[in-house]
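To keep things clear, I will list the structure first and then write my remarks on it.
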Amino acid sequence: LGRAIVRDPKVFLLDEPLSNLDAKLRAQMRTEITKLHHRLATTFIYVTHDQIEAMTMGTRIVVMKDGFIQQVDAPQKLYDYPANLFVAGFIGTPQMNFFDATLTSDNSGKIYVEFEGKKVALPKAKSDKIINAKEYINTGKPVVFGVRPEDLHDEESFINNSRETVIDVKVDVVEKLGSETLLYCVFQEEENDGVSNLVDATK
């Protein structure tokens with residue numbers, strides 16, 4: 001990298017430069033390369049399979065699958081507004097949970113997501129963003145319901161104020177990471193069937 005810098009190129013191409021480093025050194029080198037990028041004010045094309053590197057170092061991210069571009073956007077927009085299921089599942093750790101579902105509504109106009117025998121009310125802020133809602137609500141047309149782990153809560157105050165969004169699950173695996181704890185959960189009926197579809201919850 002030093003030899004490349006002295007040639008004063010217009011573009012740097014870095015192809016997985018940190019892949020062979022241990023976790024601690026990778027974190028250190030991420031910050032060093034980011035500072036170098038800001039100091040040189042030159043375009044860096046950085047190829048990586050590590051989404052943390054992409055999210056923390058990139059100003060624009062190109063997500064590719066099988067040689068085809070899936071989405072090009074700023075890191076936070078990729079996270080908040082993924083263009084398809086691949087991008088939604090790829091960006092974020094732990095990854096987003098996906099459920100096959102249908103949309104229904106009652107006489108009051110409140111919209112519900114029904115999946116795995118469960119029924120959850122959608123917040124109005126989310127239901128208002130449904131495109132072509134009439135094609136899906138009360139028609140039985142399948143949709144994919146995606147939930148990020150950080151949007152799952154177990155606080156008593158949240159549960160008491162959001163009764164229509166509560167689902168009973170059984171904690172299957174606990175991973176303690178120090179600053180956070182990951183809970184892998186299963187629905188009660190899935191536990192009996194031996195189904196391995198897990199719900200990730202971050203506390």
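The chains in the structure tokens are called A, B, ... from first to last as shown; in each chain the residues are counted from 1, and the ligands are counted from 1 in the order shown.
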- request: Would you list the contacts of segment 112-114 of chain A as a ChimeraX atom specification, taking every protein, DNA or RNA residue within 9 Å and counting only C-alpha atoms, but skipping same-chain residues closer than 6 positions in sequence?
  value: /A:100-106,120-122,127,137,145
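Excluding Ala27 of chain A and any residue on its chain fewer than 4 positions from it, the residues at most 10 Å away by only C-alpha atoms are A:Leu18, A:Leu21, A:Asp22, A:Ala23, A:Thr31, A:Glu32, A:Ile52, A:Glu53.
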- prompt: Which parts of segment 36-76 of chain A does DSSP call strand (DSSP E or B) when run on the backbone here, written out as a list of chain:residue names?
  reply: A:Thr43, A:Phe44, A:Ile45, A:Tyr46, A:Val47, A:Ile61, A:Val62, A:Val63, A:Met64, A:Lys65, A:Phe68, A:Ile69, A:Gln70, A:Gln71, A:Val72, A:Asp73
Those residues with N, CA, C and O atoms, as a PDB file, in the first residue's frame please?
```
ATOM      1  N   THR A  43     -10.065   8.304  -4.486  1.00  0.00           N
ATOM      2  CA  THR A  43     -11.073   7.239  -4.562  1.00  0.00           C
ATOM      3  C   THR A  43     -10.459   5.891  -4.202  1.00  0.00           C
ATOM      4  O   THR A  43      -9.420   5.507  -4.738  1.00  0.00           O
ATOM      5  N   PHE A  44     -11.119   5.191  -3.269  1.00  0.00           N
ATOM      6  CA  PHE A  44     -10.736   3.831  -2.906  1.00  0.00           C
ATOM      7  C   PHE A  44     -11.849   2.887  -3.369  1.00  0.00           C
ATOM      8  O   PHE A  44     -13.011   3.082  -3.016  1.00  0.00           O
ATOM      9  N   ILE A  45     -11.513   1.877  -4.151  1.00  0.00           N
ATOM     10  CA  ILE A  45     -12.454   0.788  -4.447  1.00  0.00           C
ATOM     11  C   ILE A  45     -12.032  -0.379  -3.564  1.00  0.00           C
ATOM     12  O   ILE A  45     -10.954  -0.947  -3.735  1.00  0.00           O
ATOM     13  N   TYR A  46     -12.896  -0.724  -2.615  1.00  0.00           N
ATOM     14  CA  TYR A  46     -12.529  -1.684  -1.573  1.00  0.00           C
ATOM     15  C   TYR A  46     -13.415  -2.918  -1.706  1.00  0.00           C
ATOM     16  O   TYR A  46     -14.641  -2.830  -1.559  1.00  0.00           O
ATOM     17  N   VAL A  47     -12.826  -4.049  -2.016  1.00  0.00           N
ATOM     18  CA  VAL A  47     -13.583  -5.297  -2.198  1.00  0.00           C
ATOM     19  C   VAL A  47     -13.522  -6.099  -0.909  1.00  0.00           C
ATOM     20  O   VAL A  47     -12.444  -6.344  -0.361  1.00  0.00           O
ATOM     21  N   ILE A  61     -21.789   1.824  -1.127  1.00  0.00           N
ATOM     22  CA  ILE A  61     -21.583   0.379  -1.153  1.00  0.00           C
ATOM     23  C   ILE A  61     -22.309  -0.215  -2.352  1.00  0.00           C
ATOM     24  O   ILE A  61     -23.465   0.122  -2.627  1.00  0.00           O
ATOM     25  N   VAL A  62     -21.605  -1.079  -3.070  1.00  0.00           N
ATOM     26  CA  VAL A  62     -22.209  -1.840  -4.163  1.00  0.00           C
ATOM     27  C   VAL A  62     -22.359  -3.284  -3.679  1.00  0.00           C
ATOM     28  O   VAL A  62     -21.358  -3.966  -3.445  1.00  0.00           O
ATOM     29  N   VAL A  63     -23.578  -3.737  -3.502  1.00  0.00           N
ATOM     30  CA  VAL A  63     -23.836  -5.110  -3.069  1.00  0.00           C
ATOM     31  C   VAL A  63     -24.028  -5.976  -4.308  1.00  0.00           C
ATOM     32  O   VAL A  63     -24.883  -5.686  -5.153  1.00  0.00           O
ATOM     33  N   MET A  64     -23.220  -7.047  -4.414  1.00  0.00           N
ATOM     34  CA  MET A  64     -23.269  -7.901  -5.596  1.00  0.00           C
ATOM     35  C   MET A  64     -23.607  -9.339  -5.223  1.00  0.00           C
ATOM     36  O   MET A  64     -23.258  -9.807  -4.139  1.00  0.00           O
ATOM     37  N   LYS A  65     -24.297 -10.006  -6.136  1.00  0.00           N
ATOM     38  CA  LYS A  65     -24.606 -11.425  -5.969  1.00  0.00           C
ATOM     39  C   LYS A  65     -24.515 -12.094  -7.341  1.00  0.00           C
ATOM     40  O   LYS A  65     -25.161 -11.640  -8.299  1.00  0.00           O
ATOM     41  N   PHE A  68     -23.946  -9.884 -10.321  1.00  0.00           N
ATOM     42  CA  PHE A  68     -24.918  -8.837 -10.652  1.00  0.00           C
ATOM     43  C   PHE A  68     -25.061  -7.868  -9.480  1.00  0.00           C
ATOM     44  O   PHE A  68     -25.110  -8.284  -8.315  1.00  0.00           O
ATOM     45  N   ILE A  69     -25.155  -6.584  -9.801  1.00  0.00           N
ATOM     46  CA  ILE A  69     -25.345  -5.559  -8.772  1.00  0.00           C
ATOM     47  C   ILE A  69     -26.776  -5.629  -8.250  1.00  0.00           C
ATOM     48  O   ILE A  69     -27.738  -5.589  -9.020  1.00  0.00           O
ATOM     49  N   GLN A  70     -26.916  -5.720  -6.929  1.00  0.00           N
ATOM     50  CA  GLN A  70     -28.223  -5.773  -6.293  1.00  0.00           C
ATOM     51  C   GLN A  70     -28.689  -4.388  -5.835  1.00  0.00           C
ATOM     52  O   GLN A  70     -29.859  -4.062  -5.931  1.00  0.00           O
ATOM     53  N   GLN A  71     -27.746  -3.593  -5.330  1.00  0.00           N
ATOM     54  CA  GLN A  71     -28.101  -2.257  -4.854  1.00  0.00           C
ATOM     55  C   GLN A  71     -26.826  -1.436  -4.692  1.00  0.00           C
ATOM     56  O   GLN A  71     -25.784  -1.951  -4.307  1.00  0.00           O
ATOM     57  N   VAL A  72     -26.925  -0.145  -4.985  1.00  0.00           N
ATOM     58  CA  VAL A  72     -25.838   0.806  -4.763  1.00  0.00           C
ATOM     59  C   VAL A  72     -26.390   1.947  -3.930  1.00  0.00           C
ATOM     60  O   VAL A  72     -27.349   2.618  -4.337  1.00  0.00           O
ATOM     61  N   ASP A  73     -25.813   2.156  -2.748  1.00  0.00           N
ATOM     62  CA  ASP A  73     -26.361   3.197  -1.874  1.00  0.00           C
ATOM     63  C   ASP A  73     -25.391   3.492  -0.741  1.00  0.00           C
ATOM     64  O   ASP A  73     -24.374   2.806  -0.575  1.00  0.00           O
TER      65      ASP A  73
END
```
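Comparing A:Ile111, A:Ala4, A:Arg26, A:Asp50 by their smallest distance to Asp128 of chain A, the closest is A:Ile111 (using only C-alpha atoms).
By chain and then residue number, the residues within 7 Å of Val173 of chain A are Leu183, Tyr184 and Cys185 of chain A, counting only C-alpha atoms and disregarding those fewer than 3 positions away in sequence.
Atom CA of Ala54 of chain A is positioned 11.4 Å from atom CA of Phe90 of chain A.
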field: Sel. of helix (DSSP H, G or I) residues, chain A, as a ChimeraX atom specification
entry: /A:2-6,23-40,51-57,75-80,85-90,124-127,133-135,149-151,156-161,163-165,188-193
message: Which residues are close to Phe98 of chain A, i.e. within 8 Å by only C-alpha atoms, leaving aside same-chain residues fewer than 4 positions away? Reply as a ChimeraX atom specification.
response: /A:144-147
With N, CA, C and O atoms retained, export the selected residues as a PDB file, in the first residue's frame.
```
ATOM      1  N   VAL A 144     -43.396 -11.361   2.400  1.00  0.00           N
ATOM      2  CA  VAL A 144     -42.312 -11.749   3.296  1.00  0.00           C
ATOM      3  C   VAL A 144     -42.218 -10.699   4.397  1.00  0.00           C
ATOM      4  O   VAL A 144     -42.065  -9.501   4.117  1.00  0.00           O
ATOM      5  N   PHE A 145     -42.345 -11.146   5.628  1.00  0.00           N
ATOM      6  CA  PHE A 145     -42.293 -10.273   6.802  1.00  0.00           C
ATOM      7  C   PHE A 145     -40.875 -10.307   7.361  1.00  0.00           C
ATOM      8  O   PHE A 145     -40.385 -11.357   7.775  1.00  0.00           O
ATOM      9  N   GLY A 146     -40.189  -9.170   7.330  1.00  0.00           N
ATOM     10  CA  GLY A 146     -38.812  -9.098   7.814  1.00  0.00           C
ATOM     11  C   GLY A 146     -38.724  -8.293   9.096  1.00  0.00           C
ATOM     12  O   GLY A 146     -39.298  -7.200   9.183  1.00  0.00           O
ATOM     13  N   VAL A 147     -38.005  -8.822  10.078  1.00  0.00           N
ATOM     14  CA  VAL A 147     -37.844  -8.134  11.362  1.00  0.00           C
ATOM     15  C   VAL A 147     -36.373  -8.177  11.754  1.00  0.00           C
ATOM     16  O   VAL A 147     -35.773  -9.256  11.816  1.00  0.00           O
TER      17      VAL A 147
END
```
- prompt: Any idea what the distance is between atom CA of Val6 of chain A and atom CA of Leu40 of chain A?
  reply: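 Calculated distance between atom CA of Val6 of chain A and atom CA of Leu40 of chain A is 11.0 Å.
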